[in-house]
file protein_5.pdb (PDB, C-alpha atoms)
ATOM      1  CA  MET P   1     -79.528-136.305 -56.236
ATOM      2  CA  PRO P   2     -82.340-137.922 -58.261
ATOM      3  CA  SER P   3     -85.270-135.796 -59.376
ATOM      4  CA  PRO P   4     -88.706-136.191 -57.753
ATOM      5  CA  PHE P   5     -89.843-138.142 -60.803
ATOM      6  CA  GLU P   6     -86.961-140.605 -60.553
ATOM      7  CA  HIS P   7     -87.730-140.982 -56.851
ATOM      8  CA  LEU P   8     -91.353-141.731 -57.672
ATOM      9  CA  SER P   9     -90.321-144.293 -60.273
ATOM     10  CA  LEU P  10     -88.052-146.006 -57.742
ATOM     11  CA  ALA P  11     -90.753-145.979 -55.076
ATOM     12  CA  TRP P  12     -93.257-147.502 -57.508
ATOM     13  CA  SER P  13     -90.874-150.392 -58.181
ATOM     14  CA  ILE P  14     -90.022-150.817 -54.502
ATOM     15  CA  ALA P  15     -93.640-150.751 -53.307
ATOM     16  CA  ASP P  16     -94.282-154.134 -54.939
ATOM     17  CA  LYS P  17     -91.649-155.655 -52.636
ATOM     18  CA  LEU P  18     -93.143-154.303 -49.404
ATOM     19  CA  PRO P  19     -96.163-155.359 -47.310
ATOM     20  CA  LEU P  20     -98.327-152.330 -48.143
ATOM     21  CA  SER P  21    -102.094-152.025 -48.266
ATOM     22  CA  ALA P  22    -103.712-149.941 -51.006
ATOM     23  CA  SER P  23    -103.828-146.866 -48.760
ATOM     24  CA  GLY P  24    -100.346-147.635 -47.503
ATOM     25  CA  ARG P  25     -99.048-147.740 -51.054
ATOM     26  CA  THR P  26    -100.461-144.281 -51.761
ATOM     27  CA  ALA P  27     -98.882-142.953 -48.573
ATOM     28  CA  PHE P  28     -95.555-144.622 -49.402
ATOM     29  CA  LEU P  29     -95.413-143.102 -52.890
ATOM     30  CA  THR P  30     -96.322-139.675 -51.526
ATOM     31  CA  GLY P  31     -93.699-139.858 -48.794
ATOM     32  CA  SER P  32     -91.066-140.683 -51.397
ATOM     33  CA  LEU P  33     -91.516-137.197 -52.892
ATOM     34  CA  CYS P  34     -91.593-135.019 -49.797
ATOM     35  CA  PRO P  35     -87.900-134.599 -48.825
ATOM     36  CA  ASP P  36     -87.305-132.612 -52.015
ATOM     37  CA  VAL P  37     -89.376-129.707 -50.728
ATOM     38  CA  ASP P  38     -85.982-128.124 -49.991
ATOM     39  CA  LYS P  39     -85.473-127.702 -53.746
ATOM     40  CA  ILE P  40     -88.153-125.036 -53.945
ATOM     41  CA  ALA P  41     -88.455-123.688 -50.400
ATOM     42  CA  GLY P  42     -84.863-122.678 -49.683
ATOM     43  CA  PHE P  43     -84.432-125.045 -46.725
ATOM     44  CA  PRO P  44     -80.946-126.308 -45.851
ATOM     45  CA  ARG P  45     -80.630-129.783 -47.365
ATOM     46  CA  SER P  46     -79.739-131.242 -43.977
ATOM     47  CA  THR P  47     -83.119-130.063 -42.666
ATOM     48  CA  THR P  48     -85.143-132.284 -44.985
ATOM     49  CA  HIS P  49     -82.666-135.045 -45.857
ATOM     50  CA  TRP P  50     -80.575-135.385 -42.684
ATOM     51  CA  TRP P  51     -77.660-135.829 -45.103
ATOM     52  CA  VAL P  52     -75.298-133.694 -47.196
ATOM     53  CA  PRO P  53     -72.888-134.905 -49.919
ATOM     54  CA  GLY P  54     -70.018-135.299 -47.444
ATOM     55  CA  ASP P  55     -71.944-137.339 -44.885
ATOM     56  CA  GLU P  56     -71.082-140.896 -43.914
ATOM     57  CA  VAL P  57     -73.882-141.517 -41.392
ATOM     58  CA  SER P  58     -77.159-142.548 -43.056
ATOM     59  CA  GLY P  59     -79.720-139.760 -43.036
ATOM     60  CA  ALA P  60     -82.481-142.381 -43.049
ATOM     61  CA  LEU P  61     -81.180-143.860 -39.813
ATOM     62  CA  LYS P  62     -80.695-140.410 -38.284
ATOM     63  CA  LEU P  63     -84.336-139.588 -39.006
ATOM     64  CA  ILE P  64     -85.523-142.828 -37.382
ATOM     65  CA  ALA P  65     -83.296-142.231 -34.359
ATOM     66  CA  SER P  66     -84.471-138.641 -33.999
ATOM     67  CA  SER P  67     -88.075-139.367 -33.059
ATOM     68  CA  ASN P  68     -89.740-141.799 -30.691
ATOM     69  CA  GLY P  69     -92.990-140.905 -32.442
ATOM     70  CA  ILE P  70     -91.713-142.086 -35.818
ATOM     71  CA  ARG P  71     -90.572-145.372 -34.318
ATOM     72  CA  ALA P  72     -93.860-145.842 -32.453
ATOM     73  CA  LEU P  73     -96.303-145.214 -35.306
ATOM     74  CA  PRO P  74     -98.925-148.000 -35.581
ATOM     75  CA  PHE P  75     -97.926-150.879 -37.807
ATOM     76  CA  GLU P  76     -99.818-151.113 -41.127
ATOM     77  CA  SER P  77    -101.015-147.508 -40.772
ATOM     78  CA  PRO P  78    -100.796-145.153 -43.768
ATOM     79  CA  VAL P  79     -98.737-142.676 -41.762
ATOM     80  CA  ARG P  80     -96.071-145.338 -41.075
ATOM     81  CA  ALA P  81     -96.094-146.150 -44.794
ATOM     82  CA  PHE P  82     -95.617-142.423 -45.498
ATOM     83  CA  ILE P  83     -92.504-142.395 -43.303
ATOM     84  CA  ALA P  84     -91.262-145.528 -45.080
ATOM     85  CA  GLY P  85     -91.597-143.656 -48.380
ATOM     86  CA  TYR P  86     -89.684-140.726 -46.918
ATOM     87  CA  LEU P  87     -86.946-143.167 -45.850
ATOM     88  CA  CYS P  88     -86.933-144.674 -49.356
ATOM     89  CA  HIS P  89     -86.145-141.220 -50.740
ATOM     90  CA  LEU P  90     -83.335-140.647 -48.233
ATOM     91  CA  VAL P  91     -81.736-144.020 -48.961
ATOM     92  CA  SER P  92     -81.978-143.437 -52.720
ATOM     93  CA  ASP P  93     -80.313-140.040 -52.355
ATOM     94  CA  GLU P  94     -77.513-141.561 -50.293
ATOM     95  CA  GLN P  95     -76.898-144.200 -52.949
ATOM     96  CA  TRP P  96     -76.907-141.549 -55.699
ATOM     97  CA  THR P  97     -74.310-139.632 -53.690
ATOM     98  CA  LEU P  98     -72.102-142.710 -53.387
ATOM     99  CA  THR P  99     -72.449-144.078 -56.935
ATOM    100  CA  ILE P 100     -73.091-141.028 -59.149
ATOM    101  CA  TYR P 101     -72.421-137.718 -57.405
ATOM    102  CA  ARG P 102     -69.068-138.415 -55.764
ATOM    103  CA  PRO P 103     -67.368-140.209 -58.670
ATOM    104  CA  PHE P 104     -68.737-138.000 -61.454
ATOM    105  CA  PHE P 105     -69.487-134.587 -59.912
ATOM    106  CA  GLY P 106     -67.935-134.451 -56.425
ATOM    107  CA  ILE P 107     -64.720-133.014 -55.020
ATOM    108  CA  HIS P 108     -62.556-135.724 -56.600
ATOM    109  CA  SER P 109     -64.218-135.598 -60.017
ATOM    110  CA  LYS P 110     -63.051-133.362 -62.832
ATOM    111  CA  PHE P 111     -65.775-130.883 -61.811
ATOM    112  CA  LYS P 112     -64.545-130.677 -58.192
ATOM    113  CA  ALA P 113     -68.088-130.242 -56.811
ATOM    114  CA  GLY P 114     -68.396-126.948 -58.699
ATOM    115  CA  GLN P 115     -71.110-125.219 -60.678
ATOM    116  CA  ALA P 116     -70.225-126.852 -64.010
ATOM    117  CA  GLY P 117     -70.785-130.291 -62.529
ATOM    118  CA  ALA P 118     -73.983-129.208 -60.786
ATOM    119  CA  ASP P 119     -75.411-127.969 -64.087
ATOM    120  CA  ARG P 120     -74.619-131.240 -65.806
ATOM    121  CA  GLN P 121     -76.131-133.228 -62.964
ATOM    122  CA  TRP P 122     -79.372-131.229 -63.309
ATOM    123  CA  ALA P 123     -79.294-131.876 -67.046
ATOM    124  CA  LEU P 124     -78.837-135.576 -66.335
ATOM    125  CA  HIS P 125     -81.975-135.450 -64.181
ATOM    126  CA  ALA P 126     -83.889-133.846 -67.045
ATOM    127  CA  SER P 127     -82.789-136.615 -69.405
ATOM    128  CA  ILE P 128     -83.808-139.394 -67.008
ATOM    129  CA  ASP P 129     -87.148-137.667 -66.406
ATOM    130  CA  GLU P 130     -87.769-137.426 -70.135
ATOM    131  CA  ARG P 131     -87.436-141.193 -70.449
ATOM    132  CA  HIS P 132     -90.069-141.670 -67.761
ATOM    133  CA  PHE P 133     -92.492-139.315 -69.485
ATOM    134  CA  THR P 134     -91.806-140.719 -72.950
ATOM    135  CA  THR P 135     -92.416-144.308 -71.849
ATOM    136  CA  GLY P 136     -95.367-143.446 -69.603
ATOM    137  CA  THR P 137     -93.908-145.407 -66.685
ATOM    138  CA  LEU P 138     -95.011-142.788 -64.154
ATOM    139  CA  SER P 139     -98.689-142.586 -65.096
ATOM    140  CA  SER P 140     -99.982-145.056 -62.510
ATOM    141  CA  ALA P 141     -97.767-143.715 -59.731
ATOM    142  CA  LEU P 142     -98.822-140.110 -60.383
ATOM    143  CA  ALA P 143    -102.483-141.090 -60.461
ATOM    144  CA  ASP P 144    -102.041-142.842 -57.111
ATOM    145  CA  VAL P 145    -100.324-139.852 -55.486
ATOM    146  CA  ALA P 146    -103.095-137.577 -56.731
ATOM    147  CA  THR P 147    -105.483-139.404 -54.381
ATOM    148  CA  ALA P 148    -103.365-138.707 -51.268
ATOM    149  CA  GLY P 149    -105.883-136.559 -49.427
ATOM    150  CA  GLU P 150    -104.285-137.217 -46.030
ATOM    151  CA  LEU P 151    -100.945-135.613 -46.880
ATOM    152  CA  ARG P 152    -101.543-132.614 -44.635
ATOM    153  CA  HIS P 153    -102.030-135.030 -41.732
ATOM    154  CA  TRP P 154     -99.069-137.224 -42.641
ATOM    155  CA  GLU P 155     -96.571-134.389 -42.998
ATOM    156  CA  VAL P 156     -96.795-133.462 -39.309
ATOM    157  CA  THR P 157     -94.671-136.537 -38.575
ATOM    158  CA  ILE P 158     -91.628-134.801 -40.134
ATOM    159  CA  PRO P 159     -90.757-132.131 -37.552
ATOM    160  CA  THR P 160     -88.296-130.171 -39.689
ATOM    161  CA  ILE P 161     -90.712-129.309 -42.526
ATOM    162  CA  PRO P 162     -93.062-126.365 -41.830
ATOM    163  CA  ARG P 163     -96.711-127.306 -42.203
ATOM    164  CA  GLY P 164     -98.145-127.039 -45.673
ATOM    165  CA  TYR P 165     -94.844-127.073 -47.539
ATOM    166  CA  ALA P 166     -94.941-130.784 -48.373
ATOM    167  CA  VAL P 167     -98.523-130.430 -49.589
ATOM    168  CA  ARG P 168     -97.513-127.546 -51.871
ATOM    169  CA  PHE P 169     -94.522-129.443 -53.181
ATOM    170  CA  VAL P 170     -96.491-132.579 -54.061
ATOM    171  CA  ARG P 171     -99.077-130.453 -55.852
ATOM    172  CA  MET P 172     -96.241-128.843 -57.801
ATOM    173  CA  VAL P 173     -94.888-132.239 -58.886
ATOM    174  CA  LEU P 174     -98.334-133.351 -60.029
ATOM    175  CA  HIS P 175     -98.699-130.140 -62.051
ATOM    176  CA  GLN P 176     -95.203-130.475 -63.530
ATOM    177  CA  ALA P 177     -96.087-133.934 -64.778
ATOM    178  CA  GLN P 178     -98.716-132.353 -67.043
ATOM    179  CA  LEU P 179     -96.242-129.953 -68.653
ATOM    180  CA  PRO P 180     -94.728-130.695 -72.067
ATOM    181  CA  ASP P 181     -90.977-130.589 -71.419
ATOM    182  CA  ALA P 182     -88.113-129.955 -69.005
ATOM    183  CA  PRO P 183     -87.968-126.157 -69.551
ATOM    184  CA  ALA P 184     -91.657-125.831 -68.688
ATOM    185  CA  ARG P 185     -91.185-127.984 -65.586
ATOM    186  CA  TYR P 186     -88.169-125.960 -64.423
ATOM    187  CA  ARG P 187     -89.963-122.652 -65.009
ATOM    188  CA  PHE P 188     -92.975-123.807 -63.021
ATOM    189  CA  ALA P 189     -90.715-124.919 -60.154
ATOM    190  CA  ALA P 190     -89.147-121.463 -60.171
ATOM    191  CA  THR P 191     -92.592-119.874 -59.949
ATOM    192  CA  VAL P 192     -93.529-122.029 -56.957
ATOM    193  CA  SER P 193     -90.194-121.276 -55.311
ATOM    194  CA  ARG P 194     -90.820-117.541 -55.597
ATOM    195  CA  GLU P 195     -94.289-117.956 -54.109
ATOM    196  CA  LEU P 196     -92.976-119.944 -51.144
ATOM    197  CA  SER P 197     -90.105-117.538 -50.519
ATOM    198  CA  ASN P 198     -92.663-114.749 -50.103
ATOM    199  CA  GLY P 199     -94.721-116.718 -47.587
ATOM    200  CA  PRO P 200     -94.395-116.848 -43.781
ATOM    201  CA  ARG P 201     -91.273-118.559 -42.440
ATOM    202  CA  LEU P 202     -90.347-119.588 -38.926
ATOM    203  CA  GLU P 203     -86.685-119.123 -38.109
ATOM    204  CA  THR P 204     -86.650-122.342 -36.088
ATOM    205  CA  ASP P 205     -87.533-124.286 -39.213
ATOM    206  CA  PHE P 206     -84.160-123.499 -40.785
ATOM    207  CA  THR P 207     -81.689-124.004 -37.960
ATOM    208  CA  ARG P 208     -80.795-127.679 -38.302
ATOM    209  CA  THR P 209     -77.600-127.376 -40.333
ATOM    210  CA  ARG P 210     -74.585-129.640 -40.335
ATOM    211  CA  PRO P 211     -71.308-128.201 -38.992
ATOM    212  CA  ASN P 212     -69.475-128.300 -42.319
ATOM    213  CA  ASP P 213     -72.335-127.496 -44.722
ATOM    214  CA  ASN P 214     -70.992-124.036 -45.516
ATOM    215  CA  LYS P 215     -67.442-125.195 -46.209
ATOM    216  CA  ARG P 216     -68.384-126.951 -49.439
ATOM    217  CA  PRO P 217     -68.218-125.167 -52.790
ATOM    218  CA  SER P 218     -71.239-122.955 -53.385
ATOM    219  CA  VAL P 219     -73.411-123.904 -56.369
ATOM    220  CA  ALA P 220     -76.729-122.467 -57.512
ATOM    221  CA  ARG P 221     -79.786-124.425 -58.545
ATOM    222  CA  PRO P 222     -81.255-123.543 -61.944
ATOM    223  CA  THR P 223     -84.333-122.162 -60.193
ATOM    224  CA  SER P 224     -82.337-119.831 -57.913
ATOM    225  CA  ASP P 225     -83.271-116.746 -59.968
ATOM    226  CA  ALA P 226     -84.799-115.895 -63.341
ATOM    227  CA  THR P 227     -81.540-114.976 -65.051
ATOM    228  CA  ARG P 228     -79.792-118.095 -63.830
ATOM    229  CA  LEU P 229     -82.719-120.254 -64.959
ATOM    230  CA  GLU P 230     -82.861-118.881 -68.498
ATOM    231  CA  ASP P 231     -79.094-119.216 -68.881
ATOM    232  CA  PHE P 232     -79.313-122.852 -67.771
ATOM    233  CA  LEU P 233     -82.233-123.597 -70.093
ATOM    234  CA  SER P 234     -80.444-122.005 -73.055
ATOM    235  CA  ARG P 235     -77.675-124.577 -72.549
ATOM    236  CA  LEU P 236     -79.833-127.510 -71.488
ATOM    237  CA  ASP P 237     -79.728-129.481 -74.759
ATOM    238  CA  ALA P 238     -75.939-129.310 -74.960
ATOM    239  CA  LEU P 239     -75.553-130.027 -71.242
ATOM    240  CA  THR P 240     -77.834-133.047 -71.501
ATOM    241  CA  ILE P 241     -75.859-134.552 -74.375
ATOM    242  CA  GLU P 242     -72.615-134.020 -72.484
ATOM    243  CA  ALA P 243     -74.002-135.432 -69.240
ATOM    244  CA  MET P 244     -75.330-138.590 -70.896
ATOM    245  CA  GLN P 245     -72.006-139.155 -72.629
ATOM    246  CA  TYR P 246     -70.111-138.524 -69.397
ATOM    247  CA  VAL P 247     -72.096-140.750 -67.006
ATOM    248  CA  PRO P 248     -72.242-144.280 -68.462
ATOM    249  CA  GLU P 249     -75.616-145.927 -68.819
ATOM    250  CA  ASP P 250     -74.442-148.871 -66.750
ATOM    251  CA  ALA P 251     -73.558-146.509 -63.884
ATOM    252  CA  ILE P 252     -77.141-145.233 -63.816
ATOM    253  CA  ALA P 253     -78.491-148.791 -63.979
ATOM    254  CA  SER P 254     -76.149-149.844 -61.172
ATOM    255  CA  TYR P 255     -77.271-146.909 -59.063
ATOM    256  CA  ARG P 256     -80.914-147.810 -59.535
ATOM    257  CA  GLU P 257     -80.358-151.469 -58.677
ATOM    258  CA  ARG P 258     -78.469-150.542 -55.530
ATOM    259  CA  ALA P 259     -81.003-147.893 -54.491
ATOM    260  CA  GLU P 260     -83.867-150.363 -54.855
ATOM    261  CA  GLU P 261     -82.059-153.096 -52.937
ATOM    262  CA  GLU P 262     -81.009-150.872 -50.027
ATOM    263  CA  SER P 263     -84.359-149.078 -49.855
ATOM    264  CA  VAL P 264     -86.248-152.367 -49.641
ATOM    265  CA  LYS P 265     -84.056-153.463 -46.721
ATOM    266  CA  VAL P 266     -84.535-150.235 -44.778
ATOM    267  CA  CYS P 267     -88.242-149.818 -45.515
ATOM    268  CA  ALA P 268     -89.138-153.447 -44.818
ATOM    269  CA  ALA P 269     -87.328-153.327 -41.473
ATOM    270  CA  TYR P 270     -88.958-150.045 -40.495
ATOM    271  CA  LEU P 271     -92.448-151.220 -41.474
ATOM    272  CA  ALA P 272     -91.959-154.370 -39.375
ATOM    273  CA  GLY P 273     -90.522-152.514 -36.392
ATOM    274  CA  ALA P 274     -87.270-154.458 -36.749
ATOM    275  CA  PRO P 275     -83.752-153.033 -36.275
ATOM    276  CA  VAL P 276     -82.739-150.992 -39.330
ATOM    277  CA  MET P 277     -79.228-151.628 -40.587
ATOM    278  CA  PRO P 278     -77.184-148.902 -42.352
ATOM    279  CA  PRO P 279     -77.558-148.956 -46.144
ATOM    280  CA  ALA P 280     -74.480-149.931 -48.155
ATOM    281  CA  GLY P 281     -71.712-147.351 -47.947
ATOM    282  CA  THR P 282     -73.156-145.585 -44.893
ATOM    283  CA  ALA P 283     -72.811-145.863 -41.125
ATOM    284  CA  ALA P 284     -75.262-145.890 -38.237
ATOM    285  CA  PRO P 285     -75.575-142.838 -35.988
ATOM    286  CA  SER P 286     -73.393-142.909 -32.912
ATOM    287  CA  ALA P 287     -74.635-142.222 -29.409
ATOM    288  CA  ALA P 288     -73.185-138.727 -29.813
ATOM    289  CA  GLY P 289     -75.409-138.054 -32.807
ATOM    290  CA  GLY P 290     -73.240-138.987 -35.789
ATOM    291  CA  SER P 291     -70.140-137.327 -37.142
ATOM    292  CA  PRO P 292     -69.379-134.046 -38.925
ATOM    293  CA  ALA P 293     -69.854-134.021 -42.669
ATOM    294  CA  ARG P 294     -66.611-134.423 -44.607
ATOM    295  CA  THR P 295     -65.539-131.800 -47.114
ATOM    296  CA  ASP P 296     -63.292-134.053 -49.221
ATOM    297  CA  LEU P 297     -66.041-136.106 -50.912
TER
END
call {"tool": "encode", "arguments": {"input": "protein_5.pdb", "output": "structure tokens"}}
result
Amino acid sequence: MPSPFEHLSLAWSIADKLPLSASGRTAFLTGSLCPDVDKIAGFPRSTTHWWVPGDEVSGALKLIASSNGIRALPFESPVRAFIAGYLCHLVSDEQWTLTIYRPFFGIHSKFKAGQAGADRQWALHASIDERHFTTGTLSSALADVATAGELRHWEVTIPTIPRGYAVRFVRMVLHQAQLPDAPARYRFAATVSRELSNGPRLETDFTRTRPNDNKRPSVARPTSDATRLEDFLSRLDALTIEAMQYVPEDAIASYRERAEEESVKVCAAYLAGAPVMPPAGTAAPSAAGGSPARTDL
């Protein structure tokens, strides 16, 4: 899935197309980062994203359907804008799954959803991030997020994230943005992950897993342990070159266009209190709560 910095870049572009106040814009940008707390805290992906790579039912729509409180938040309030940003992230991840992950790294790709593909996908993230930092396109968005003093209040609207974890994650992203390169950013993420893994955890915060999550191939994130991280970083330059040659530039551009278009539809509808239609390539939750995740995608 896209990195936090790519998510922030997308949210910055999308915010201009939504009816957001200045405070709402800050909340929206901040919300667009928060689902990725699972990357450092060891949560099941389905806990924070309501979606795994084999899902067909939109995680964004499942989140909306899961909570009367989320649907009833006051219109034009920063906290509703925060949820819209969270939804923007979920929609963007779904579109990455459909347009990049499945064709290039999933079960039916040459990597068969294995570790080699996962490593190249992480390298692809690093390359896309480097463009953002080189061009300075994230400066305004990062400065805006840095003013989000209400994050601790906003995060309580996401019931599956333990309190304080989203705050810690956003602080980590802001710190990473000041670091000189991808290796430094990955090493800092690993440090934060170790700190969080040593903190208090409530068992109930980790129980919302999808039925077929554990049937997919097992892959490790670069930050999973120190040895794994250094091995990944020693190969990062070569992996990045290979990943950028493997995934065509027009595929990345097409993903971004589709993610922006579908996110605007979902976020605009949610902000207005209108019915939210499933993003392209996904389905709405059924009355029974959706369908099991597939293992052939």
call {"tool": "resolve_selection", "arguments": {"input": "protein_5.pdb", "expression": "the PyMOL selection byres ((chain P and resi 71) around 10)", "output": "count of residues only"}}
result
18
call {"tool": "closest_residue", "arguments": {"input": "protein_5.pdb", "among": "P:Ala27, P:Leu18, P:Val247, P:Leu239", "to": "P:Trp154", "atoms": "all atoms listed in the file"}}
result
P:Ala27
call {"tool": "atom_distance", "arguments": {"input": "protein_5.pdb", "atom1": "atom CA of P:Ser23", "atom2": "atom CA of P:Pro78"}}
result
6.1 Å
call {"tool": "closest_atom_pairs", "arguments": {"input": "protein_5.pdb", "of": "stretch 47-166 of chain P", "to": "stretch 248-253 of chain P", "cutoff": "9 Å", "atoms": "all atoms listed in the file", "output": "tab-separated table"}}
result
residue	atom	partner	partner_atom	distance
P:Trp96	CA	P:Ile252	CA	8.9
P:Thr99	CA	P:Ala251	CA	7.4
P:Ile100	CA	P:Ala251	CA	7.3
call {"tool": "resolve_selection", "arguments": {"input": "protein_5.pdb", "expression": "the PyMOL selection byres ((chain P and resi 260) around 12)", "output": "ChimeraX atom specification"}}
result
/P:6-18,87-96,253-259,261-268,279-280
call {"tool": "atom_distance", "arguments": {"input": "protein_5.pdb", "atom1": "atom CA of P:Leu20", "atom2": "atom CA of P:Ala81"}}
result
7.4 Å
